[in-house]
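Containing mmCIF, C-alpha atoms: upload_34.cif.
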```
data_data
loop_
_atom_site.group_PDB
_atom_site.id
_atom_site.type_symbol
_atom_site.label_atom_id
_atom_site.label_comp_id
_atom_site.auth_asym_id
_atom_site.auth_seq_id
_atom_site.Cartn_x
_atom_site.Cartn_y
_atom_site.Cartn_z
ATOM 1 C CA MET A 1339 -45.914 -39.941 42.711
ATOM 2 C CA GLY A 1340 -45.731 -43.727 42.481
ATOM 3 C CA HIS A 1341 -43.065 -46.248 43.423
ATOM 4 C CA ILE A 1342 -40.550 -47.895 41.109
ATOM 5 C CA ILE A 1343 -40.727 -51.684 41.228
ATOM 6 C CA ASP A 1344 -37.441 -53.510 40.578
ATOM 7 C CA VAL A 1345 -37.708 -57.183 39.553
ATOM 8 C CA ASP A 1346 -34.344 -58.935 39.657
ATOM 9 C CA GLY A 1347 -33.924 -62.694 39.983
ATOM 10 C CA VAL A 1348 -35.293 -65.952 38.636
ATOM 11 C CA GLY A 1349 -38.673 -67.607 38.969
ATOM 12 C CA PHE A 1350 -40.943 -64.571 39.329
ATOM 13 C CA PHE A 1351 -44.450 -64.691 37.913
ATOM 14 C CA LEU A 1352 -46.092 -61.302 37.614
ATOM 15 C CA CYS A 1353 -49.864 -61.291 37.421
ATOM 16 C CA ILE A 1354 -53.010 -59.516 38.588
ATOM 17 C CA LYS A 1355 -54.772 -60.481 41.811
ATOM 18 C CA ASN A 1356 -57.867 -58.605 42.977
ATOM 19 C CA GLY A 1357 -56.945 -55.712 40.725
ATOM 20 C CA CYS A 1358 -53.429 -55.420 42.157
ATOM 21 C CA LEU A 1359 -50.036 -56.000 40.593
ATOM 22 C CA THR A 1360 -48.702 -59.198 42.134
ATOM 23 C CA ALA A 1361 -45.334 -60.966 42.035
ATOM 24 C CA ILE A 1362 -45.248 -64.642 42.983
ATOM 25 C CA LYS A 1363 -42.176 -66.803 43.479
ATOM 26 C CA GLU A 1364 -42.194 -70.390 44.721
ATOM 27 C CA ASN A 1365 -45.866 -69.995 45.741
ATOM 28 C CA ARG A 1366 -45.011 -66.967 47.890
ATOM 29 C CA GLU A 1367 -46.566 -63.570 47.246
ATOM 30 C CA LEU A 1368 -43.692 -61.066 47.283
ATOM 31 C CA LEU A 1369 -45.488 -58.062 45.828
ATOM 32 C CA TYR A 1370 -49.076 -56.885 46.103
ATOM 33 C CA VAL A 1371 -49.656 -53.271 45.158
ATOM 34 C CA HIS A 1372 -52.381 -51.280 43.435
ATOM 35 C CA PRO A 1373 -51.238 -50.032 40.005
ATOM 36 C CA SER A 1374 -52.116 -46.442 40.891
ATOM 37 C CA ASP A 1375 -49.229 -46.540 43.392
ATOM 38 C CA VAL A 1376 -46.640 -47.613 40.787
ATOM 39 C CA SER A 1377 -44.620 -45.268 38.587
ATOM 40 C CA SER A 1378 -42.630 -47.805 36.567
ATOM 41 C CA ILE A 1379 -41.321 -51.372 36.581
ATOM 42 C CA ILE A 1380 -37.717 -52.348 35.822
ATOM 43 C CA CYS A 1381 -36.976 -55.992 35.019
ATOM 44 C CA HIS A 1382 -33.546 -57.640 34.894
ATOM 45 C CA GLY A 1383 -32.658 -60.972 33.325
ATOM 46 C CA THR A 1384 -34.798 -63.368 31.298
ATOM 47 C CA SER A 1385 -36.281 -65.610 33.977
ATOM 48 C CA GLN A 1386 -39.494 -63.772 34.779
ATOM 49 C CA SER A 1387 -42.892 -64.509 33.273
ATOM 50 C CA PHE A 1388 -45.899 -62.234 32.926
ATOM 51 C CA SER A 1389 -49.612 -62.719 32.489
ATOM 52 C CA SER A 1390 -51.260 -60.807 29.670
ATOM 53 C CA ALA A 1391 -53.543 -59.225 32.291
ATOM 54 C CA PHE A 1392 -50.461 -57.836 34.050
ATOM 55 C CA MET A 1393 -49.177 -56.135 30.898
ATOM 56 C CA VAL A 1394 -52.638 -54.816 30.001
ATOM 57 C CA CYS A 1395 -53.039 -53.364 33.497
ATOM 58 C CA CYS A 1396 -49.662 -51.631 33.222
ATOM 59 C CA ALA A 1397 -50.733 -50.107 29.924
ATOM 60 C CA GLU A 1398 -54.060 -48.950 31.346
ATOM 61 C CA TYR A 1399 -52.310 -47.190 34.225
ATOM 62 C CA ASN A 1400 -49.523 -45.790 32.022
ATOM 63 C CA ILE A 1401 -46.819 -47.822 33.789
ATOM 64 C CA PRO A 1402 -43.740 -48.316 31.596
ATOM 65 C CA VAL A 1403 -42.165 -51.760 31.883
ATOM 66 C CA ILE A 1404 -38.453 -51.650 31.076
ATOM 67 C CA PHE A 1405 -36.419 -54.770 30.365
ATOM 68 C CA CYS A 1406 -32.664 -54.571 31.004
ATOM 69 C CA ASP A 1407 -29.619 -56.561 29.952
ATOM 70 C CA LYS A 1408 -26.943 -57.901 32.298
ATOM 71 C CA LYS A 1409 -25.326 -54.443 32.465
ATOM 72 C CA HIS A 1410 -28.651 -52.969 33.650
ATOM 73 C CA LEU A 1411 -29.060 -51.066 30.403
ATOM 74 C CA PRO A 1412 -32.571 -50.945 28.897
ATOM 75 C CA ILE A 1413 -33.027 -53.109 25.808
ATOM 76 C CA SER A 1414 -36.811 -52.963 25.522
ATOM 77 C CA ILE A 1415 -39.714 -50.944 26.866
ATOM 78 C CA SER A 1416 -43.441 -51.515 26.998
ATOM 79 C CA LEU A 1417 -45.470 -48.314 26.754
ATOM 80 C CA PRO A 1418 -49.196 -47.740 26.227
ATOM 81 C CA VAL A 1419 -50.617 -46.104 23.117
ATOM 82 C CA ASN A 1420 -53.327 -43.461 22.935
ATOM 83 C CA GLN A 1421 -53.062 -42.490 26.607
ATOM 84 C CA HIS A 1422 -53.750 -38.838 25.813
ATOM 85 C CA THR A 1423 -56.640 -37.165 23.964
ATOM 86 C CA LYS A 1424 -54.110 -35.252 21.857
ATOM 87 C CA THR A 1425 -51.875 -38.210 20.972
ATOM 88 C CA PHE A 1426 -52.341 -37.766 17.218
ATOM 89 C CA GLN A 1427 -51.842 -33.992 17.381
ATOM 90 C CA ARG A 1428 -48.719 -34.383 19.511
ATOM 91 C CA MET A 1429 -47.294 -37.010 17.158
ATOM 92 C CA MET A 1430 -47.886 -34.752 14.160
ATOM 93 C CA LEU A 1431 -46.266 -31.887 16.048
ATOM 94 C CA GLN A 1432 -43.186 -34.043 16.625
ATOM 95 C CA MET A 1433 -43.059 -35.157 12.997
ATOM 96 C CA GLU A 1434 -43.496 -31.640 11.620
ATOM 97 C CA THR A 1435 -40.928 -29.955 13.864
ATOM 98 C CA SER A 1436 -38.259 -28.372 11.673
ATOM 99 C CA VAL A 1437 -34.598 -29.360 11.851
ATOM 100 C CA PRO A 1438 -33.544 -25.850 12.958
ATOM 101 C CA THR A 1439 -36.013 -26.009 15.880
ATOM 102 C CA LYS A 1440 -34.681 -29.414 16.921
ATOM 103 C CA LYS A 1441 -31.117 -28.106 16.764
ATOM 104 C CA GLN A 1442 -32.019 -25.120 18.933
ATOM 105 C CA ILE A 1443 -33.664 -27.393 21.518
ATOM 106 C CA TRP A 1444 -30.612 -29.666 21.507
ATOM 107 C CA GLN A 1445 -28.374 -26.648 22.062
ATOM 108 C CA MET A 1446 -30.417 -25.703 25.159
ATOM 109 C CA ILE A 1447 -30.277 -29.264 26.499
ATOM 110 C CA ILE A 1448 -26.516 -29.651 26.000
ATOM 111 C CA LYS A 1449 -25.716 -26.225 27.452
ATOM 112 C CA GLU A 1450 -27.685 -27.163 30.572
ATOM 113 C CA LYS A 1451 -25.975 -30.558 30.783
ATOM 114 C CA LEU A 1452 -22.498 -29.017 30.526
ATOM 115 C CA LYS A 1453 -23.388 -26.323 33.064
ATOM 116 C CA ASN A 1454 -24.480 -29.066 35.446
ATOM 117 C CA GLN A 1455 -21.309 -31.059 34.786
ATOM 118 C CA SER A 1456 -19.231 -27.967 35.472
ATOM 119 C CA GLU A 1457 -21.021 -27.330 38.758
ATOM 120 C CA HIS A 1458 -20.624 -30.983 39.781
ATOM 121 C CA VAL A 1459 -16.863 -30.871 39.181
ATOM 122 C CA GLY A 1460 -16.683 -27.522 40.989
ATOM 123 C CA PHE A 1461 -18.516 -28.965 43.978
ATOM 124 C CA TYR A 1462 -15.426 -31.112 44.659
ATOM 125 C CA GLY A 1463 -13.130 -28.093 44.319
ATOM 126 C CA ASN A 1464 -11.685 -28.821 40.880
ATOM 127 C CA ARG A 1465 -11.835 -25.246 39.568
ATOM 128 C CA LYS A 1466 -9.527 -25.883 36.612
ATOM 129 C CA ILE A 1467 -11.754 -28.517 35.007
ATOM 130 C CA GLN A 1468 -14.884 -26.617 36.042
ATOM 131 C CA GLU A 1469 -13.698 -23.591 34.088
ATOM 132 C CA LYS A 1470 -12.712 -25.717 31.077
ATOM 133 C CA ILE A 1471 -16.158 -27.305 30.876
ATOM 134 C CA MET A 1472 -17.849 -23.907 31.239
ATOM 135 C CA TYR A 1473 -15.620 -22.591 28.451
ATOM 136 C CA TRP A 1474 -16.954 -25.267 26.094
ATOM 137 C CA CYS A 1475 -20.466 -24.822 27.446
ATOM 138 C CA ASN A 1476 -20.439 -21.205 26.307
ATOM 139 C CA LEU A 1477 -19.342 -22.299 22.825
ATOM 140 C CA VAL A 1478 -22.171 -24.786 22.221
ATOM 141 C CA LYS A 1479 -23.812 -23.975 18.898
ATOM 142 C CA SER A 1480 -27.203 -24.917 17.510
ATOM 143 C CA GLY A 1481 -27.240 -28.717 17.249
ATOM 144 C CA ASP A 1482 -23.867 -28.846 19.059
ATOM 145 C CA THR A 1483 -22.254 -29.127 15.632
ATOM 146 C CA THR A 1484 -18.753 -28.595 17.076
ATOM 147 C CA GLY A 1485 -19.116 -31.531 19.487
ATOM 148 C CA CYS A 1486 -18.683 -29.661 22.760
ATOM 149 C CA GLU A 1487 -20.546 -32.404 24.646
ATOM 150 C CA ALA A 1488 -18.063 -35.052 23.514
ATOM 151 C CA LEU A 1489 -15.083 -32.824 24.263
ATOM 152 C CA CYS A 1490 -16.279 -32.323 27.847
ATOM 153 C CA ALA A 1491 -17.139 -35.970 28.518
ATOM 154 C CA ARG A 1492 -13.545 -37.137 29.067
ATOM 155 C CA LEU A 1493 -12.708 -34.112 31.215
ATOM 156 C CA TYR A 1494 -15.819 -34.610 33.315
ATOM 157 C CA PHE A 1495 -15.650 -38.366 33.920
ATOM 158 C CA SER A 1496 -11.943 -38.243 34.751
ATOM 159 C CA ALA A 1497 -12.557 -35.446 37.254
ATOM 160 C CA ILE A 1498 -15.462 -37.250 38.961
ATOM 161 C CA PHE A 1499 -14.414 -40.917 38.803
ATOM 162 C CA GLY A 1500 -10.642 -40.809 38.259
ATOM 163 C CA GLN A 1501 -8.258 -40.925 35.314
ATOM 164 C CA SER A 1502 -8.593 -44.696 34.913
ATOM 165 C CA PHE A 1503 -12.379 -44.600 34.538
ATOM 166 C CA LYS A 1504 -13.790 -45.796 31.217
ATOM 167 C CA ARG A 1505 -17.474 -45.685 30.382
ATOM 168 C CA HIS A 1506 -19.339 -48.905 29.519
ATOM 169 C CA GLU A 1507 -17.011 -51.318 31.316
ATOM 170 C CA ASP A 1508 -18.304 -53.971 33.729
ATOM 171 C CA ASP A 1509 -17.128 -52.396 36.988
ATOM 172 C CA VAL A 1510 -19.502 -51.449 39.791
ATOM 173 C CA THR A 1511 -19.303 -47.733 38.947
ATOM 174 C CA ASN A 1512 -20.584 -48.283 35.423
ATOM 175 C CA ILE A 1513 -23.213 -50.808 36.504
ATOM 176 C CA LEU A 1514 -24.555 -48.476 39.190
ATOM 177 C CA MET A 1515 -24.523 -45.576 36.738
ATOM 178 C CA ASN A 1516 -26.431 -47.647 34.173
ATOM 179 C CA TYR A 1517 -29.023 -48.534 36.770
ATOM 180 C CA ILE A 1518 -29.633 -44.956 37.925
ATOM 181 C CA TYR A 1519 -29.853 -43.776 34.324
ATOM 182 C CA THR A 1520 -32.432 -46.517 33.722
ATOM 183 C CA VAL A 1521 -34.449 -45.323 36.720
ATOM 184 C CA LEU A 1522 -34.454 -41.806 35.266
ATOM 185 C CA ARG A 1523 -35.381 -43.150 31.833
ATOM 186 C CA SER A 1524 -38.370 -44.957 33.313
ATOM 187 C CA CYS A 1525 -39.642 -41.742 34.933
ATOM 188 C CA ILE A 1526 -39.217 -39.736 31.739
ATOM 189 C CA ALA A 1527 -40.827 -42.518 29.684
ATOM 190 C CA ARG A 1528 -43.932 -42.384 31.860
ATOM 191 C CA GLN A 1529 -44.274 -38.622 31.433
ATOM 192 C CA VAL A 1530 -43.569 -38.761 27.698
ATOM 193 C CA SER A 1531 -46.303 -41.357 27.256
ATOM 194 C CA ALA A 1532 -48.741 -39.509 29.521
ATOM 195 C CA ALA A 1533 -48.254 -36.346 27.467
ATOM 196 C CA GLY A 1534 -49.139 -38.131 24.223
ATOM 197 C CA LEU A 1535 -45.630 -37.965 22.762
ATOM 198 C CA ASN A 1536 -44.014 -40.754 20.756
ATOM 199 C CA PRO A 1537 -40.591 -41.740 22.187
ATOM 200 C CA PHE A 1538 -39.319 -42.782 18.747
ATOM 201 C CA PHE A 1539 -39.400 -39.195 17.428
ATOM 202 C CA SER A 1540 -36.228 -37.731 18.850
ATOM 203 C CA ILE A 1541 -34.498 -34.369 19.014
ATOM 204 C CA PHE A 1542 -30.962 -35.625 18.398
ATOM 205 C CA HIS A 1543 -30.508 -39.366 18.987
ATOM 206 C CA SER A 1544 -31.389 -41.096 15.728
ATOM 207 C CA ASN A 1545 -30.570 -44.786 16.189
ATOM 208 C CA LYS A 1546 -33.386 -46.601 14.379
ATOM 209 C CA GLU A 1547 -33.069 -49.499 16.831
ATOM 210 C CA ASN A 1548 -33.580 -47.264 19.894
ATOM 211 C CA PRO A 1549 -37.231 -47.251 21.030
ATOM 212 C CA MET A 1550 -36.466 -44.525 23.589
ATOM 213 C CA ALA A 1551 -34.628 -41.976 21.454
ATOM 214 C CA LEU A 1552 -36.608 -38.976 22.741
ATOM 215 C CA ILE A 1553 -36.197 -40.186 26.320
ATOM 216 C CA ASP A 1554 -32.433 -40.432 25.805
ATOM 217 C CA ASP A 1555 -32.488 -36.833 24.547
ATOM 218 C CA LEU A 1556 -34.495 -35.473 27.455
ATOM 219 C CA ILE A 1557 -32.473 -37.256 30.151
ATOM 220 C CA GLU A 1558 -29.205 -35.459 29.341
ATOM 221 C CA PRO A 1559 -29.437 -32.529 31.827
ATOM 222 C CA PHE A 1560 -30.021 -34.979 34.693
ATOM 223 C CA ARG A 1561 -27.052 -37.283 34.162
ATOM 224 C CA PRO A 1562 -24.766 -35.219 36.453
ATOM 225 C CA LEU A 1563 -27.340 -35.550 39.254
ATOM 226 C CA ALA A 1564 -27.335 -39.313 38.722
ATOM 227 C CA ASP A 1565 -23.530 -39.269 38.812
ATOM 228 C CA ARG A 1566 -23.636 -37.545 42.209
ATOM 229 C CA TYR A 1567 -25.803 -40.417 43.440
ATOM 230 C CA VAL A 1568 -23.220 -42.867 42.071
ATOM 231 C CA VAL A 1569 -20.466 -41.141 44.077
ATOM 232 C CA LEU A 1570 -22.511 -41.112 47.300
ATOM 233 C CA ILE A 1571 -23.755 -44.698 46.997
ATOM 234 C CA LYS A 1572 -20.230 -45.963 46.336
ATOM 235 C CA GLU A 1573 -19.082 -44.157 49.482
ATOM 236 C CA LEU A 1574 -21.854 -45.831 51.491
ATOM 237 C CA TYR A 1575 -21.091 -49.303 50.149
ATOM 238 C CA LYS A 1576 -17.311 -49.368 49.836
ATOM 239 C CA GLY A 1577 -15.933 -52.693 48.785
ATOM 240 C CA GLU A 1578 -19.030 -53.844 46.901
ATOM 241 C CA SER A 1579 -18.149 -55.251 43.490
ATOM 242 C CA CYS A 1580 -21.694 -55.700 42.228
ATOM 243 C CA LEU A 1581 -25.063 -53.965 42.435
ATOM 244 C CA THR A 1582 -26.884 -54.958 45.632
ATOM 245 C CA PRO A 1583 -30.572 -54.529 46.596
ATOM 246 C CA ASP A 1584 -29.593 -51.893 49.178
ATOM 247 C CA MET A 1585 -27.697 -49.931 46.547
ATOM 248 C CA LYS A 1586 -30.731 -50.086 44.267
ATOM 249 C CA ARG A 1587 -32.987 -48.767 47.014
ATOM 250 C CA GLN A 1588 -30.673 -45.797 47.467
ATOM 251 C CA ALA A 1589 -30.521 -45.240 43.699
ATOM 252 C CA ILE A 1590 -34.299 -45.140 43.325
ATOM 253 C CA MET A 1591 -34.441 -42.269 45.821
ATOM 254 C CA ILE A 1592 -33.326 -39.985 42.997
ATOM 255 C CA THR A 1593 -36.947 -39.920 41.820
ATOM 256 C CA LYS A 1594 -37.911 -38.102 45.040
ATOM 257 C CA HIS A 1595 -34.993 -35.701 44.924
ATOM 258 C CA ASP A 1596 -35.983 -32.059 45.407
ATOM 259 C CA VAL A 1597 -35.239 -29.870 42.394
ATOM 260 C CA TYR A 1598 -36.374 -26.441 41.235
ATOM 261 C CA PHE A 1599 -38.565 -25.888 38.204
ATOM 262 C CA GLU A 1600 -38.887 -22.229 37.264
ATOM 263 C CA GLY A 1601 -38.010 -21.323 40.845
ATOM 264 C CA VAL A 1602 -40.516 -23.685 42.488
ATOM 265 C CA GLU A 1603 -39.231 -26.600 44.606
ATOM 266 C CA GLN A 1604 -40.642 -29.940 43.435
ATOM 267 C CA GLU A 1605 -39.889 -33.648 43.571
ATOM 268 C CA LEU A 1606 -38.011 -34.727 40.467
ATOM 269 C CA GLN A 1607 -40.905 -36.870 39.207
ATOM 270 C CA VAL A 1608 -43.220 -33.830 39.318
ATOM 271 C CA ALA A 1609 -40.631 -31.531 37.742
ATOM 272 C CA LEU A 1610 -40.114 -34.010 34.884
ATOM 273 C CA LYS A 1611 -43.793 -33.708 33.986
ATOM 274 C CA ASN A 1612 -43.486 -29.924 33.808
ATOM 275 C CA TYR A 1613 -40.256 -30.267 31.818
ATOM 276 C CA ILE A 1614 -42.017 -32.430 29.220
ATOM 277 C CA TYR A 1615 -44.843 -29.939 28.848
ATOM 278 C CA SER A 1616 -42.315 -27.139 28.430
ATOM 279 C CA TYR A 1617 -40.771 -29.192 25.623
ATOM 280 C CA ILE A 1618 -44.190 -29.498 23.968
ATOM 281 C CA ALA A 1619 -44.671 -25.721 24.283
ATOM 282 C CA VAL A 1620 -41.349 -25.113 22.508
ATOM 283 C CA LEU A 1621 -42.292 -27.569 19.746
ATOM 284 C CA GLY A 1622 -45.574 -25.716 19.300
ATOM 285 C CA LYS A 1623 -43.761 -22.342 19.316
ATOM 286 C CA GLU A 1624 -45.720 -21.263 22.397
ATOM 287 C CA LYS A 1625 -42.386 -20.713 24.150
ATOM 288 C CA LYS A 1626 -38.908 -19.976 22.873
ATOM 289 C CA LYS A 1627 -36.918 -21.352 25.802
ATOM 290 C CA LEU A 1628 -37.060 -24.848 27.229
ATOM 291 C CA ALA A 1629 -37.575 -24.794 31.001
ATOM 292 C CA ILE A 1630 -35.279 -27.399 32.582
ATOM 293 C CA PRO A 1631 -35.322 -28.370 36.289
ATOM 294 C CA GLU A 1632 -32.300 -27.192 38.273
ATOM 295 C CA TYR A 1633 -30.534 -28.813 41.214
ATOM 296 C CA SER A 1634 -27.454 -28.621 43.418
ATOM 297 C CA TYR A 1635 -24.955 -31.232 44.626
ATOM 298 C CA ASP A 1636 -24.885 -30.271 48.285
ATOM 299 C CA PHE A 1637 -26.779 -33.238 49.708
ATOM 300 C CA THR A 1638 -26.123 -36.614 51.292
ATOM 301 C CA LEU A 1639 -27.997 -39.919 51.398
#
```
Any chance you could put this one into structure tokens?
Amino acid sequence: MGHIIDVDGVGFFLCIKNGCLTAIKENRELLYVHPSDVSSIICHGTSQSFSSAFMVCCAEYNIPVIFCDKKHLPISISLPVNQHTKTFQRMMLQMETSVPTKKQIWQMIIKEKLKNQSEHVGFYGNRKIQEKIMYWCNLVKSGDTTGCEALCARLYFSAIFGQSFKRHEDDVTNILMNYIYTVLRSCIARQVSAAGLNPFFSIFHSNKENPMALIDDLIEPFRPLADRYVVLIKELYKGESCLTPDMKRQAIMITKHDVYFEGVEQELQVALKNYIYSYIAVLGKEKKKLAIPEYSYDFTL
């Protein structure tokens, strides 16, 4: 699978040179790579410029370009259209999926997320919170109408990052977490587009201003894996108060993390493709159960 290109800083001009994606700054060529070797591009700040040929090339090679705010959260995404021969059929399938089917899929996703959260907490020996999260996991109903996900969130984050941790603040933990989630979003966005799905048609998230609603649905089971990377990267770079290039390089390694899809070991990027096609099979009633990649927490960087 391809590389993730991170563009952070001022004065970059991204263009095409001899058929390759090129980044130029102060007349120096800092990037020169064939688009077939790129999985996605993540841009930070507002001081980069792009040629139209660059954006067209990204679309032709199904490379999502994600633009982030100062907290490294995605605020815009550029995705190609009509990249699959069944784009129209897949879009109609999404639009015609019944509410009960969507609720059942969301139940499967949330149960897997909570199971993964429970295992992550248990990995550090906190059996009490592990059992509490599993208790709520077993009570998740269709559509998670009783809000088990929200009930577990406070338990989980306090157990992993400490009682004082609050999501969406400007500390290095949140910024690093945002960045790794964005990396995962970019990988899922690429596979969603390649499969002919429309990211606006979601399972659960329904914010009309969110262009990646489906992607934000599908990412949920993988957030605990990203959180494990946050813990390990913080241990490697103790004392850092902001996101550094070295920390980003470690974060991007999550895309090559070995997981198991239906018992077969695969890189995460490959497993995500299979996960998306399993989702399509459930939408089309070819399968009843969504196959979700599995992973453990017993690894180091």
Determine the nearest neighbour of A:Glu1398 from the options A:Ser1531, A:Asn1464, A:Gln1501, A:Ser1524, counting all atoms listed in the file.
->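 Of A:Ser1531, A:Asn1464, A:Gln1501, A:Ser1524, the one nearest A:Glu1398, counting all atoms listed in the file, is A:Ser1531.
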Best match for closeness to A:Ile1342 among A:Ala1397, A:Cys1490, A:Val1403, A:Leu1431, counting all atoms listed in the file = A:Val1403
For the file shown, report as a VMD selection string the outcome of the PyMOL selection byres ((chain A and resi 1636) around 12) at residue level.
-> chain A and resid 1457 to 1458 1460 to 1462 1563 1566 to 1567 1570 1595 to 1597 1633 to 1635 1637 to 1639
Selection near A:Ile1541, 7 Å with only C-alpha atoms, sequence-local residues under 3 positions removed, as a PDB file with C-alpha atoms, keeping the file's coordinate frame:
```
ATOM      1  CA  LYS A1440     -34.681 -29.414  16.921  1.00  0.00           C
ATOM      2  CA  TRP A1444     -30.612 -29.666  21.507  1.00  0.00           C
ATOM      3  CA  LEU A1552     -36.608 -38.976  22.741  1.00  0.00           C
ATOM      4  CA  ASP A1555     -32.488 -36.833  24.547  1.00  0.00           C
TER       5      ASP A1555
END
```
Could you check which of A:Val1602, A:Ile1362, A:Cys1580, A:Leu1628 is closest to A:Lys1449, using all atoms listed in the file?
->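 Among the listed residues, A:Leu1628 lies closest to A:Lys1449.
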Gap from atom CA of A:Ile1379 to atom CA of A:Cys1396 - Å, one decimal |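 If I compute the distance from atom CA of A:Ile1379 to atom CA of A:Cys1396, I get 9.0 Å.
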Residues in the PyMOL selection byres ((chain A and resi 1548) around 12), expressed as a ChimeraX atom specification | /A:1412-1415,1537-1540,1543-1547,1549-1555
Decode the PyMOL selection byres ((chain A and resi 1451) around 9) for the given file into explicit residues and return them as a ChimeraX atom specification.
-> /A:1446-1450,1452-1456,1475,1487,1558-1562
What is the atom CA of A:Lys1441-atom CA of A:Glu1605 distance in Å, reported with one decimal?
->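 Atom CA of A:Lys1441 sits 28.7 Å away from atom CA of A:Glu1605.
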Quick one: pull the distance between atom CA of A:Ala1629 and atom CA of A:Glu1600, Å, one decimal.
->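 Between atom CA of A:Ala1629 and atom CA of A:Glu1600 the gap works out to 6.9 Å.
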Write out as an mmCIF file with C-alpha atoms, in the frame of the given file the residues lying within 7 Å of stretch 1356-1361 of chain A, counting all atoms listed in the file and excluding same-chain residues fewer than 3 positions away.
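Written out: result.cif:
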```
data_model
loop_
_atom_site.group_PDB
_atom_site.id
_atom_site.type_symbol
_atom_site.label_atom_id
_atom_site.label_comp_id
_atom_site.auth_asym_id
_atom_site.auth_seq_id
_atom_site.Cartn_x
_atom_site.Cartn_y
_atom_site.Cartn_z
ATOM 1 C CA PHE A 1350 -40.943 -64.571 39.329
ATOM 2 C CA PHE A 1351 -44.450 -64.691 37.913
ATOM 3 C CA LEU A 1352 -46.092 -61.302 37.614
ATOM 4 C CA CYS A 1353 -49.864 -61.291 37.421
ATOM 5 C CA GLU A 1367 -46.566 -63.570 47.246
ATOM 6 C CA LEU A 1368 -43.692 -61.066 47.283
ATOM 7 C CA LEU A 1369 -45.488 -58.062 45.828
ATOM 8 C CA TYR A 1370 -49.076 -56.885 46.103
ATOM 9 C CA VAL A 1371 -49.656 -53.271 45.158
ATOM 10 C CA HIS A 1372 -52.381 -51.280 43.435
ATOM 11 C CA PRO A 1373 -51.238 -50.032 40.005
ATOM 12 C CA PHE A 1392 -50.461 -57.836 34.050
#
```
Which one of A:Asp1407, A:Glu1578, A:Asp1482, A:Asp1375 sits closest to A:Gln1442 if you count only C-alpha atoms?
-> A:Asp1482
Leaving out A:Leu1514 and any residue of its chain fewer than 3 positions from it, which residues lie within 7 Å of it when counting only C-alpha atoms, given as a ChimeraX atom specification?
-> /A:1510-1511,1517-1518,1568,1581
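If only C-alpha atoms are the atoms counted, then among A:Ser1374, A:Gln1432, A:Thr1483, A:Thr1520 the closest residue to A:Ile1401 is A:Ser1374.
The closest residue to A:Lys1611, picked from A:Val1530, A:Met1433, A:Ile1557, A:Ile1592 and counting all atoms listed in the file, is A:Val1530.
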Residue contacts of A:Glu1632 (7 Å, all atoms listed in the file) excluding same-chain residues fewer than 2 positions away, as a ChimeraX atom specification = /A:1597-1599,1630
